[in-house]
$ cat entry_4.cif   # mmCIF, C-alpha atoms and all ligand atoms
data_structure
#
loop_
_atom_site.label_atom_id
_atom_site.label_comp_id
_atom_site.auth_asym_id
_atom_site.auth_seq_id
_atom_site.Cartn_x
_atom_site.Cartn_y
_atom_site.Cartn_z
CA MET M 1 -6.16 21.49 -41.11
CA ASN M 2 -2.45 22.28 -41.34
CA THR M 3 -0.85 18.84 -41.47
CA THR M 4 2.69 20.20 -41.11
CA MET M 5 2.06 21.26 -37.51
CA LYS M 6 4.66 20.01 -35.04
CA PHE M 7 3.68 17.64 -32.26
CA GLY M 8 3.36 20.20 -29.45
CA THR M 9 1.03 22.30 -31.61
CA LYS M 10 -1.00 19.31 -32.77
CA VAL M 11 -1.80 18.10 -29.24
CA ILE M 12 -3.43 21.47 -28.54
CA HIS M 13 -5.01 22.34 -31.91
CA ALA M 14 -5.45 19.31 -34.19
CA GLY M 15 -9.07 18.44 -34.89
CA LEU M 16 -10.34 21.17 -32.58
CA VAL M 17 -12.46 24.16 -33.59
CA PRO M 18 -14.25 26.67 -31.34
CA ASP M 19 -17.81 25.51 -30.66
CA THR M 20 -19.97 26.63 -33.60
CA ALA M 21 -22.96 27.52 -31.39
CA THR M 22 -21.20 29.57 -28.69
CA GLY M 23 -17.55 30.04 -29.59
CA ALA M 24 -16.46 28.06 -26.50
CA ILE M 25 -12.74 27.45 -26.97
CA MET M 26 -12.92 24.10 -25.16
CA THR M 27 -14.87 21.37 -26.93
CA PRO M 28 -18.12 21.12 -24.92
CA ILE M 29 -19.24 17.85 -23.35
CA TYR M 30 -22.15 17.07 -25.66
CA GLN M 31 -24.04 14.96 -23.13
CA THR M 32 -26.80 13.97 -25.52
CA SER M 33 -28.00 10.71 -27.03
CA THR M 34 -29.83 12.18 -30.02
CA TYR M 35 -30.00 15.25 -32.29
CA VAL M 36 -33.05 17.10 -33.58
CA GLN M 37 -33.45 16.78 -37.36
CA GLU M 38 -34.87 19.61 -39.43
CA GLY M 39 -36.60 17.22 -41.77
CA ILE M 40 -36.27 13.61 -42.84
CA GLY M 41 -32.62 13.05 -43.69
CA GLU M 42 -31.77 16.69 -42.89
CA HIS M 43 -29.32 16.90 -40.00
CA LYS M 44 -26.02 18.52 -39.03
CA GLY M 45 -23.93 15.34 -39.30
CA TYR M 46 -25.10 13.73 -36.05
CA GLN M 47 -28.15 11.49 -35.63
CA TYR M 48 -27.47 9.25 -32.63
CA SER M 49 -24.52 9.25 -30.20
CA ARG M 50 -23.50 5.60 -30.65
CA THR M 51 -22.80 6.46 -34.29
CA GLY M 52 -21.26 9.88 -33.60
CA ASN M 53 -20.95 12.51 -30.90
CA PRO M 54 -19.20 15.89 -31.35
CA THR M 55 -17.01 15.57 -28.23
CA ARG M 56 -15.90 12.10 -29.30
CA SER M 57 -15.41 13.26 -32.92
CA ALA M 58 -13.07 16.04 -31.78
CA LEU M 59 -10.94 13.53 -29.85
CA GLU M 60 -10.97 11.05 -32.75
CA ALA M 61 -9.75 13.76 -35.15
CA ASN M 62 -7.08 14.89 -32.67
CA LEU M 63 -5.77 11.33 -32.20
CA ALA M 64 -5.73 10.68 -35.96
CA ALA M 65 -3.49 13.75 -36.37
CA LEU M 66 -1.15 12.74 -33.51
CA GLU M 67 -0.56 9.32 -35.10
CA ASN M 68 -0.12 10.81 -38.60
CA GLY M 69 -3.22 8.91 -39.70
CA LYS M 70 -6.52 10.05 -41.20
CA TYR M 71 -9.22 8.28 -39.21
CA GLY M 72 -9.61 7.82 -35.46
CA ALA M 73 -12.14 5.83 -33.47
CA CYS M 74 -12.56 5.78 -29.70
CA PHE M 75 -13.88 2.91 -27.60
CA GLY M 76 -14.94 2.19 -24.03
CA SER M 77 -11.53 0.64 -23.21
CA GLY M 78 -8.28 -0.41 -24.86
CA LEU M 79 -9.57 -3.96 -25.03
CA ALA M 80 -12.75 -2.80 -26.80
CA ALA M 81 -10.49 -1.18 -29.43
CA ILE M 82 -8.57 -4.45 -29.94
CA ASP M 83 -11.91 -6.31 -30.02
CA CYS M 84 -12.88 -4.11 -33.00
CA VAL M 85 -9.69 -5.05 -34.90
CA ILE M 86 -10.18 -8.79 -34.39
CA LYS M 87 -13.83 -8.51 -35.50
CA MET M 88 -12.52 -7.49 -38.94
CA LEU M 89 -11.37 -11.13 -39.32
CA ASN M 90 -13.30 -14.27 -40.29
CA PRO M 91 -13.30 -17.83 -38.92
CA GLY M 92 -10.19 -19.65 -40.16
CA ASP M 93 -8.11 -16.48 -40.35
CA GLU M 94 -4.80 -16.58 -38.49
CA VAL M 95 -3.17 -13.96 -36.28
CA ILE M 96 0.49 -13.83 -35.31
CA SER M 97 1.19 -12.02 -32.07
CA THR M 98 3.97 -11.57 -29.57
CA ASN M 99 4.54 -14.09 -26.78
CA ASP M 100 4.78 -11.41 -24.11
CA LEU M 101 1.54 -9.69 -25.05
CA TYR M 102 -0.47 -7.57 -22.58
CA GLY M 103 -2.37 -10.13 -20.46
CA GLY M 104 -5.82 -8.73 -21.27
CA SER M 105 -5.15 -8.96 -25.02
CA TYR M 106 -3.97 -12.56 -24.58
CA ARG M 107 -7.17 -13.39 -22.66
CA LEU M 108 -9.35 -11.70 -25.33
CA PHE M 109 -7.64 -13.67 -28.12
CA THR M 110 -7.51 -17.08 -26.43
CA THR M 111 -10.77 -17.18 -24.45
CA ILE M 112 -13.13 -15.12 -26.65
CA PHE M 113 -12.03 -15.09 -30.29
CA ALA M 114 -10.39 -18.54 -30.47
CA LYS M 115 -13.82 -20.13 -30.00
CA TYR M 116 -15.09 -18.28 -33.10
CA GLY M 117 -12.47 -20.08 -35.17
CA ILE M 118 -9.77 -17.42 -35.32
CA VAL M 119 -6.35 -19.01 -34.88
CA PHE M 120 -3.66 -17.26 -32.81
CA HIS M 121 0.08 -17.92 -32.89
CA PHE M 122 2.30 -16.37 -30.21
CA VAL M 123 5.97 -16.02 -31.13
CA ASP M 124 9.09 -14.27 -29.80
CA MET M 125 9.09 -11.18 -32.05
CA MET M 126 12.45 -9.82 -30.85
CA ASP M 127 13.80 -11.88 -33.75
CA VAL M 128 11.45 -11.27 -36.70
CA LYS M 129 12.48 -14.58 -38.31
CA HIS M 130 10.09 -16.23 -35.84
CA ILE M 131 7.25 -14.23 -37.41
CA GLU M 132 8.23 -15.23 -40.96
CA ALA M 133 8.23 -18.86 -39.86
CA ALA M 134 4.67 -18.58 -38.51
CA VAL M 135 3.15 -17.02 -41.67
CA THR M 136 0.66 -19.23 -43.56
CA SER M 137 -1.70 -18.55 -46.46
CA ASN M 138 -4.37 -17.80 -43.82
CA THR M 139 -2.37 -15.11 -41.96
CA ARG M 140 -4.52 -11.97 -41.96
CA LEU M 141 -3.17 -9.97 -39.02
CA ILE M 142 0.15 -9.46 -37.26
CA TRP M 143 -0.37 -7.86 -33.83
CA VAL M 144 2.64 -6.16 -32.26
CA GLU M 145 3.22 -4.49 -28.92
CA THR M 146 6.44 -2.52 -28.40
CA PRO M 147 7.88 -1.85 -25.84
CA THR M 148 6.34 -4.92 -24.20
CA ASN M 149 5.01 -5.27 -20.69
CA PRO M 150 6.76 -5.82 -18.29
CA MET M 151 10.06 -6.84 -19.94
CA MET M 152 10.42 -3.75 -22.16
CA ASN M 153 11.31 -5.84 -25.20
CA ILE M 154 11.50 -3.86 -28.43
CA ILE M 155 10.12 -5.17 -31.73
CA ASP M 156 11.30 -3.78 -35.08
CA ILE M 157 8.05 -2.37 -36.56
CA GLU M 158 9.53 -1.64 -40.00
CA ALA M 159 10.84 -5.20 -40.33
CA VAL M 160 7.49 -6.66 -39.27
CA ALA M 161 5.70 -4.35 -41.74
CA ALA M 162 7.76 -5.82 -44.58
CA ILE M 163 6.75 -9.35 -43.52
CA ALA M 164 3.08 -8.32 -43.22
CA GLN M 165 3.09 -6.75 -46.67
CA LYS M 166 4.62 -9.86 -48.25
CA ALA M 167 2.04 -12.04 -46.49
CA ASN M 168 -0.81 -9.72 -47.55
CA ALA M 169 -1.70 -9.38 -43.88
CA MET M 170 -2.65 -6.32 -41.87
CA LEU M 171 -0.18 -5.00 -39.28
CA GLY M 172 -1.61 -3.65 -36.02
CA VAL M 173 0.53 -2.04 -33.32
CA ASP M 174 -0.45 -1.49 -29.70
CA ASN M 175 1.31 1.85 -29.12
CA THR M 176 0.14 2.31 -25.51
CA PHE M 177 3.60 2.28 -23.89
CA ALA M 178 5.36 4.56 -26.38
CA THR M 179 2.52 7.02 -27.17
CA PRO M 180 2.54 9.04 -30.42
CA TYR M 181 5.07 11.39 -28.78
CA LEU M 182 7.74 8.71 -28.92
CA GLN M 183 6.69 6.45 -31.80
CA ASN M 184 4.38 6.55 -34.85
CA PRO M 185 3.74 3.01 -36.12
CA LEU M 186 1.78 4.17 -39.21
CA ASP M 187 4.92 5.98 -40.43
CA LEU M 188 6.85 2.71 -40.02
CA GLY M 189 4.41 0.74 -42.20
CA ALA M 190 1.68 -0.36 -39.78
CA ASP M 191 -1.94 -0.35 -41.03
CA ILE M 192 -3.63 0.36 -37.73
CA VAL M 193 -2.42 1.69 -34.39
CA MET M 194 -4.14 1.06 -31.09
CA HIS M 195 -4.01 2.83 -27.71
CA SER M 196 -5.23 2.19 -24.23
CA ALA M 197 -6.00 5.89 -23.71
CA THR M 198 -6.43 4.90 -20.06
CA LYS M 199 -2.66 5.22 -19.74
CA TYR M 200 -0.48 8.09 -21.07
CA LEU M 201 -3.02 9.74 -23.41
CA GLY M 202 -5.50 10.36 -20.59
CA GLY M 203 -2.49 10.63 -18.32
CA HIS M 204 -4.29 11.36 -15.04
CA SER M 205 -5.59 7.91 -13.99
CA ASP M 206 -9.18 9.10 -14.18
CA VAL M 207 -10.62 7.43 -17.28
CA VAL M 208 -10.71 4.06 -19.09
CA MET M 209 -10.71 4.35 -22.90
CA GLY M 210 -9.32 2.82 -26.09
CA ALA M 211 -8.56 4.19 -29.54
CA LEU M 212 -7.69 3.09 -33.08
CA VAL M 213 -6.13 5.17 -35.85
CA CYS M 214 -5.64 4.22 -39.52
CA LYS M 215 -4.98 5.86 -42.89
CA ASP M 216 -6.78 3.65 -45.40
CA PRO M 217 -10.42 4.63 -46.10
CA LEU M 218 -11.55 1.02 -46.63
CA LEU M 219 -10.04 -0.03 -43.32
CA ALA M 220 -11.66 3.04 -41.70
CA ASN M 221 -15.07 1.99 -43.06
CA GLU M 222 -14.68 -1.39 -41.39
CA MET M 223 -13.51 0.25 -38.16
CA TYR M 224 -16.49 2.63 -37.99
CA ARG M 225 -18.95 -0.09 -39.09
CA ILE M 226 -17.83 -2.31 -36.20
CA GLN M 227 -17.65 0.60 -33.73
CA ASN M 228 -21.27 1.46 -34.55
CA SER M 229 -22.53 -2.14 -34.88
CA SER M 230 -20.91 -3.55 -31.73
CA GLY M 231 -21.43 -0.30 -29.84
CA ALA M 232 -18.37 -0.31 -27.57
CA ILE M 233 -18.12 3.48 -27.75
CA THR M 234 -16.71 5.91 -25.20
CA ALA M 235 -18.74 8.61 -23.43
CA PRO M 236 -18.70 12.41 -24.04
CA MET M 237 -17.36 13.16 -20.53
CA ASP M 238 -14.52 10.68 -20.95
CA SER M 239 -13.75 12.10 -24.41
CA PHE M 240 -13.47 15.55 -22.82
CA LEU M 241 -11.10 14.25 -20.12
CA VAL M 242 -8.79 12.61 -22.66
CA LEU M 243 -8.83 15.69 -24.91
CA ARG M 244 -7.79 17.69 -21.86
CA GLY M 245 -5.11 15.14 -20.93
CA ILE M 246 -3.61 15.13 -24.43
CA LYS M 247 -2.99 18.88 -24.34
CA THR M 248 -0.01 18.22 -22.04
CA LEU M 249 1.07 14.87 -23.51
CA HIS M 250 4.33 16.26 -24.92
CA LEU M 251 5.24 17.98 -21.64
CA ARG M 252 4.40 14.95 -19.53
CA MET M 253 6.23 12.51 -21.82
CA GLN M 254 9.35 14.69 -21.76
CA ARG M 255 9.38 14.50 -17.96
CA HIS M 256 8.45 10.78 -17.91
CA CYS M 257 11.49 10.15 -20.15
CA GLU M 258 13.87 12.32 -18.06
CA ASN M 259 12.75 10.77 -14.78
CA GLY M 260 12.78 7.29 -16.32
CA GLU M 261 16.40 7.67 -17.37
CA LYS M 262 17.52 9.02 -13.97
CA ILE M 263 15.80 6.17 -12.10
CA ALA M 264 16.96 3.46 -14.53
CA ARG M 265 20.58 4.59 -14.09
CA TRP M 266 20.23 4.86 -10.31
CA LEU M 267 18.75 1.34 -10.13
CA GLN M 268 21.53 -0.04 -12.31
CA ASN M 269 24.10 1.12 -9.75
CA HIS M 270 22.17 -0.12 -6.72
CA PRO M 271 23.92 -3.02 -4.92
CA LYS M 272 20.63 -4.93 -4.32
CA VAL M 273 19.51 -4.77 -7.97
CA ASP M 274 20.31 -7.57 -10.42
CA LYS M 275 19.01 -6.49 -13.87
CA VAL M 276 17.26 -3.32 -15.03
CA TYR M 277 15.01 -3.51 -18.12
CA TRP M 278 14.86 -0.15 -19.89
CA PRO M 279 15.34 0.25 -23.68
CA GLY M 280 17.67 3.26 -23.24
CA PHE M 281 20.57 1.11 -22.05
CA GLU M 282 23.10 0.27 -24.77
CA SER M 283 23.17 -3.25 -23.32
CA HIS M 284 19.42 -3.73 -24.07
CA THR M 285 19.06 -6.44 -26.75
CA ASN M 286 17.19 -4.22 -29.21
CA HIS M 287 18.53 -0.83 -28.09
CA LEU M 288 19.48 0.08 -31.66
CA VAL M 289 15.96 -0.63 -32.92
CA ALA M 290 14.54 1.48 -30.08
CA LYS M 291 16.92 4.31 -30.99
CA ILE M 292 15.74 4.25 -34.61
CA GLN M 293 11.99 3.84 -34.17
CA MET M 294 11.47 5.80 -30.93
CA ARG M 295 12.25 9.43 -30.06
CA GLY M 296 12.90 8.62 -26.38
CA PHE M 297 12.77 5.62 -24.07
CA GLY M 298 9.77 6.37 -21.86
CA GLY M 299 9.09 6.09 -18.17
CA MET M 300 8.42 2.35 -17.84
CA ILE M 301 11.15 0.35 -16.10
CA SER M 302 11.35 -3.18 -14.69
CA PHE M 303 14.09 -4.60 -12.47
CA ASN M 304 14.79 -7.70 -10.42
CA LEU M 305 16.73 -8.25 -7.22
CA LYS M 306 19.92 -10.14 -6.45
CA GLY M 307 18.94 -13.41 -4.79
CA ASN M 308 15.53 -13.28 -6.52
CA ASP M 309 13.62 -13.46 -3.24
CA LEU M 310 9.83 -12.95 -3.35
CA ASP M 311 9.75 -11.49 0.17
CA ASP M 312 12.44 -8.92 -0.64
CA ALA M 313 10.35 -7.76 -3.61
CA LYS M 314 7.17 -7.67 -1.50
CA LYS M 315 8.99 -5.56 1.12
CA ILE M 316 10.06 -3.00 -1.47
CA VAL M 317 6.69 -2.62 -3.18
CA SER M 318 4.90 -2.21 0.15
CA ASN M 319 7.37 0.31 1.62
CA THR M 320 7.32 3.09 -0.96
CA HIS M 321 5.21 6.16 -0.17
CA LEU M 322 5.28 8.21 -3.37
CA PHE M 323 5.23 5.15 -5.66
CA ALA M 324 1.72 3.77 -5.12
CA LEU M 325 1.23 0.00 -5.27
CA ALA M 326 -1.28 -0.36 -8.10
CA GLU M 327 -1.96 -1.83 -11.54
CA SER M 328 -2.11 0.45 -14.60
CA LEU M 329 0.49 2.98 -15.75
CA GLY M 330 1.03 6.23 -17.58
CA GLY M 331 -0.46 8.68 -15.06
CA VAL M 332 1.29 11.74 -13.66
CA GLU M 333 1.80 9.90 -10.36
CA SER M 334 4.39 7.14 -10.00
CA LEU M 335 3.18 3.56 -9.57
CA ILE M 336 4.97 0.39 -8.48
CA GLY M 337 3.82 -3.13 -9.27
CA HIS M 338 4.77 -6.76 -8.83
CA PRO M 339 4.00 -8.56 -12.13
CA ALA M 340 4.37 -12.13 -10.81
CA THR M 341 1.52 -11.69 -8.32
CA MET M 342 -0.42 -8.82 -9.90
CA THR M 343 -0.70 -8.30 -13.69
CA HIS M 344 0.81 -11.69 -14.62
CA GLY M 345 -0.45 -13.73 -11.66
CA SER M 346 -2.58 -16.00 -13.84
CA ILE M 347 0.40 -17.19 -15.92
CA PRO M 348 2.01 -20.45 -14.66
CA LYS M 349 5.36 -19.83 -12.90
CA GLU M 350 7.49 -21.85 -15.36
CA ILE M 351 6.01 -19.99 -18.34
CA ARG M 352 6.33 -16.49 -16.87
CA GLU M 353 9.90 -17.20 -15.72
CA GLN M 354 10.88 -18.18 -19.27
CA SER M 355 10.08 -14.64 -20.36
CA GLY M 356 11.91 -13.09 -17.39
CA ILE M 357 8.95 -12.46 -15.05
CA VAL M 358 10.72 -13.88 -11.99
CA ASP M 359 9.50 -13.64 -8.37
CA SER M 360 11.58 -10.54 -7.59
CA LEU M 361 10.66 -8.58 -10.74
CA ILE M 362 9.29 -5.12 -9.94
CA ARG M 363 7.73 -2.75 -12.49
CA LEU M 364 7.73 1.03 -12.21
CA SER M 365 5.56 3.52 -14.02
CA VAL M 366 7.68 6.58 -13.35
CA GLY M 367 5.53 9.68 -12.99
CA VAL M 368 6.31 13.37 -13.47
CA GLU M 369 7.20 14.23 -9.85
CA ASP M 370 10.71 15.46 -8.96
CA ALA M 371 13.18 12.65 -9.68
CA GLU M 372 15.13 13.33 -6.46
CA ASP M 373 12.03 12.63 -4.36
CA LEU M 374 11.27 9.47 -6.33
CA ILE M 375 14.81 8.16 -5.87
CA ALA M 376 14.72 8.96 -2.13
CA ASP M 377 11.42 7.05 -1.92
CA LEU M 378 12.92 3.98 -3.60
CA GLN M 379 16.06 4.19 -1.43
CA MET M 380 13.90 4.23 1.70
CA ALA M 381 11.97 1.16 0.49
CA PHE M 382 15.25 -0.70 -0.27
CA ASP M 383 16.50 0.11 3.24
CA ALA M 384 13.27 -0.90 5.01
C1 LIG L 401 -3.86 -1.32 -20.36
C2 LIG L 401 -3.41 -1.89 -21.66
C3 LIG L 401 -4.32 -2.44 -22.57
C4 LIG L 401 -5.80 -2.54 -22.26
O1 LIG L 401 -6.40 -1.30 -22.16
P1 LIG L 401 -7.68 -1.02 -21.22
O2 LIG L 401 -7.91 0.42 -21.42
O3 LIG L 401 -7.28 -1.39 -19.82
O4 LIG L 401 -8.77 -1.91 -21.73
C5 LIG L 401 -3.84 -2.92 -23.77
N1 LIG L 401 -2.52 -2.88 -24.07
C6 LIG L 401 -1.62 -2.36 -23.22
C7 LIG L 401 -0.19 -2.35 -23.60
C8 LIG L 401 -2.02 -1.86 -21.99
O5 LIG L 401 -1.11 -1.37 -21.13
#

$ encode --input "entry_4.cif" --output "structure tokens" --more "lines below"
Ligand SMILES: *Cc1c(COP(=O)(O)O)cnc(C)c1O
Amino acid sequence: MNTTMKFGTKVIHAGLVPDTATGAIMTPIYQTSTYVQEGIGEHKGYQYSRTGNPTRSALEANLAALENGKYGACFGSGLAAIDCVIKMLNPGDEVISTNDLYGGSYRLFTTIFAKYGIVFHFVDMMDVKHIEAAVTSNTRLIWVETPTNPMMNIIDIEAVAAIAQKANAMLGVDNTFATPYLQNPLDLGADIVMHSATKYLGGHSDVVMGALVCKDPLLANEMYRIQNSSGAITAPMDSFLVLRGIKTLHLRMQRHCENGEKIARWLQNHPKVDKVYWPGFESHTNHLVAKIQMRGFGGMISFNLKGNDLDDAKKIVSNTHLFALAESLGGVESLIGHPATMTHGSIPKEIREQSGIVDSLIRLSVGVEDAEDLIADLQMAFDA
């Protein structure tokens, strides 16, 4: 494969070949569990669909190319992909992660893996000195998410990679919010990159899937060994849907970024809005880092209201018509959410408020509709 292809060409061609049996240009949905062997040990590369399936393989190769890696692996959900990474560790090993981690990852670490003797430290990674201070001789993994949810904090991947290398630890980056269109963690020194393909990669809110990409063959062996042994694979139909979604990733992300910027700036000038969290603002704490490691600022925005009143926030989120009140993000349609009662409802009030998740905080996943209509929708909800 031509590795010098540009992004917009890769999304459409990387890893994909016309079907060898029929010439079908679209990768068929190989809805099969097993493959007929010509003789003992004689097969065409596929023996059983937990281990490998041609539709999934095409997607895995495509994703590896998009992240400038060599090996891709797809899982039944984003959390199943993270589960695979943590299963590379042993009891006693330590993980350093960010203190405003995706809630599901936090739950996986603290309620599932902690009881198997893996030790997790959660630090404020906006200042990488906090990571250095948490490193011990048992540190095996540093797990980063940037931009973070819902505060849009930015973590300097290159700086964390230097710390990981010195500590002889692996660096994993959850790249769900940025997507490979905006950010490539492997190029910045990460060892493994993870996606909830449920979000922007799928892009149409019709599938739940996770993915990992890495470059190192030894790490890839571990990844595939765990994928096959634990069995948290994704299905052929879902692989097809994400392959189809990815073909327009660059076009969608361009529009997500344009709409995101228009709405962030409109919100910033709105008399009822207190703060707007969007990494494109020069006033954002780590704006310079975002400018260096990202190629755009994305379509995720959070904001809070003057007076910080819960009822005001509830009124807004329940009075939009185009912005649908729902969890998740990254689809073509715009979504609105209220972190304090929805995605972050299980976190005690004092703790969530320390990280900025106040009662009036509202999160937007800005879709690819016309920005004028989206702004009119928000204006109507503010006036309600
Ligand atoms: C949604 C999400 C996950 C979990 O992915 P699922 O596909 O829902 O399992 C992990 N990290 C981030 C940043 C997410 O947004």

$ residues_near_ligand --input "entry_4.cif" --ligand "ligand LIG 401 (chain L)" --cutoff "7 Å" --atoms "all atoms listed in the file" --output "PyMOL selection string"
chain M and resi 77-80+102+104-105+145+149+174+176-177+195-199+208-210+328

$ residues_around --input "entry_4.cif" --residues "Glu258 of chain M" --least-positions-apart "6" --cutoff "9 Å" --atoms "only C-alpha atoms" --output "list in words"
Gly298, Gly299, Val368 and Ala371 of chain M

$ residues_around --input "entry_4.cif" --residues "Trp143 of chain M" --least-positions-apart "2" --cutoff "8 Å" --atoms "all atoms listed in the file" --output "number ranges by chain"
M: 95-98, 141, 145, 171-174

$ closest_residue --input "entry_4.cif" --among "M:Asp156, M:Asp216, M:Asp312, M:Glu282" --to "Asp359 of chain M" --atoms "all atoms listed in the file"
M:Asp312

$ closest_residue --input "entry_4.cif" --among "M:Val85, M:Leu218, M:Val276, M:Ile357" --to "Ile263 of chain M" --atoms "all atoms listed in the file"
M:Val276

$ closest_residue --input "entry_4.cif" --among "M:Ala162, M:Ala21, M:Leu329, M:Val193" --to "Ala64 of chain M" --atoms "only C-alpha atoms"
M:Val193

$ closest_residue --input "entry_4.cif" --among "M:Gln379, M:Asn286, M:Gln183, M:Ser346" --to "Ile154 of chain M" --atoms "all atoms listed in the file"
M:Asn286

$ residues_around --input "entry_4.cif" --residues "Val17 of chain M" --least-positions-apart "6" --cutoff "9 Å" --atoms "all atoms listed in the file" --output "compact mmCIF listing (two decimals) with C-alpha atoms, in the frame of the given file"
# COMPACT_ATOMS: atom_id res chain seq x y z
CA GLY M 23 -17.55 30.04 -29.59
CA ILE M 25 -12.74 27.45 -26.97
CA MET M 26 -12.92 24.10 -25.16
CA THR M 27 -14.87 21.37 -26.93
CA ALA M 58 -13.07 16.04 -31.78

$ closest_residue --input "entry_4.cif" --among "M:Asn168, M:Thr55, M:Ser239, M:Ile118" --to "Asp19 of chain M" --atoms "only C-alpha atoms"
M:Thr55

$ decode --input "entry_4.cif" --residues "segment 107-120 of chain M" --atoms "N, CA, C and O atoms" --output "tab-separated table (two decimals), in the first residue's frame"
chain	number	residue	atom	x	y	z
M	107	ARG	N	-14.60	3.88	35.63
M	107	ARG	CA	-15.32	2.77	36.27
M	107	ARG	C	-14.62	1.44	35.97
M	107	ARG	O	-14.48	0.59	36.84
M	108	LEU	N	-14.16	1.25	34.73
M	108	LEU	CA	-13.45	0.02	34.35
M	108	LEU	C	-12.18	-0.14	35.20
M	108	LEU	O	-11.90	-1.22	35.71
M	109	PHE	N	-11.43	0.96	35.34
M	109	PHE	CA	-10.17	0.91	36.10
M	109	PHE	C	-10.43	0.61	37.57
M	109	PHE	O	-9.81	-0.26	38.16
M	110	THR	N	-11.36	1.39	38.17
M	110	THR	CA	-11.49	1.36	39.64
M	110	THR	C	-12.38	0.23	40.14
M	110	THR	O	-12.19	-0.24	41.26
M	111	THR	N	-13.35	-0.23	39.34
M	111	THR	CA	-14.23	-1.28	39.87
M	111	THR	C	-13.94	-2.66	39.28
M	111	THR	O	-14.41	-3.65	39.82
M	112	ILE	N	-13.21	-2.73	38.19
M	112	ILE	CA	-12.89	-4.06	37.63
M	112	ILE	C	-11.41	-4.39	37.83
M	112	ILE	O	-11.06	-5.37	38.49
M	113	PHE	N	-10.51	-3.56	37.30
M	113	PHE	CA	-9.10	-3.94	37.30
M	113	PHE	C	-8.40	-3.70	38.63
M	113	PHE	O	-7.42	-4.39	38.93
M	114	ALA	N	-8.89	-2.75	39.44
M	114	ALA	CA	-8.24	-2.50	40.74
M	114	ALA	C	-8.26	-3.77	41.59
M	114	ALA	O	-7.31	-4.08	42.29
M	115	LYS	N	-9.35	-4.53	41.48
M	115	LYS	CA	-9.45	-5.73	42.33
M	115	LYS	C	-8.52	-6.85	41.86
M	115	LYS	O	-8.32	-7.83	42.58
M	116	TYR	N	-7.95	-6.74	40.67
M	116	TYR	CA	-6.94	-7.70	40.23
M	116	TYR	C	-5.53	-7.21	40.54
M	116	TYR	O	-4.54	-7.73	40.01
M	117	GLY	N	-5.44	-6.18	41.38
M	117	GLY	CA	-4.13	-5.75	41.87
M	117	GLY	C	-3.42	-4.75	40.99
M	117	GLY	O	-2.24	-4.45	41.20
M	118	ILE	N	-4.10	-4.18	40.01
M	118	ILE	CA	-3.49	-3.11	39.22
M	118	ILE	C	-3.81	-1.80	39.93
M	118	ILE	O	-4.93	-1.58	40.39
M	119	VAL	N	-2.77	-0.95	40.06
M	119	VAL	CA	-2.91	0.26	40.87
M	119	VAL	C	-3.05	1.47	39.95
M	119	VAL	O	-2.23	1.65	39.04
M	120	PHE	N	-4.09	2.27	40.17
M	120	PHE	CA	-4.35	3.44	39.32
M	120	PHE	C	-4.12	4.73	40.08
M	120	PHE	O	-4.56	4.87	41.22
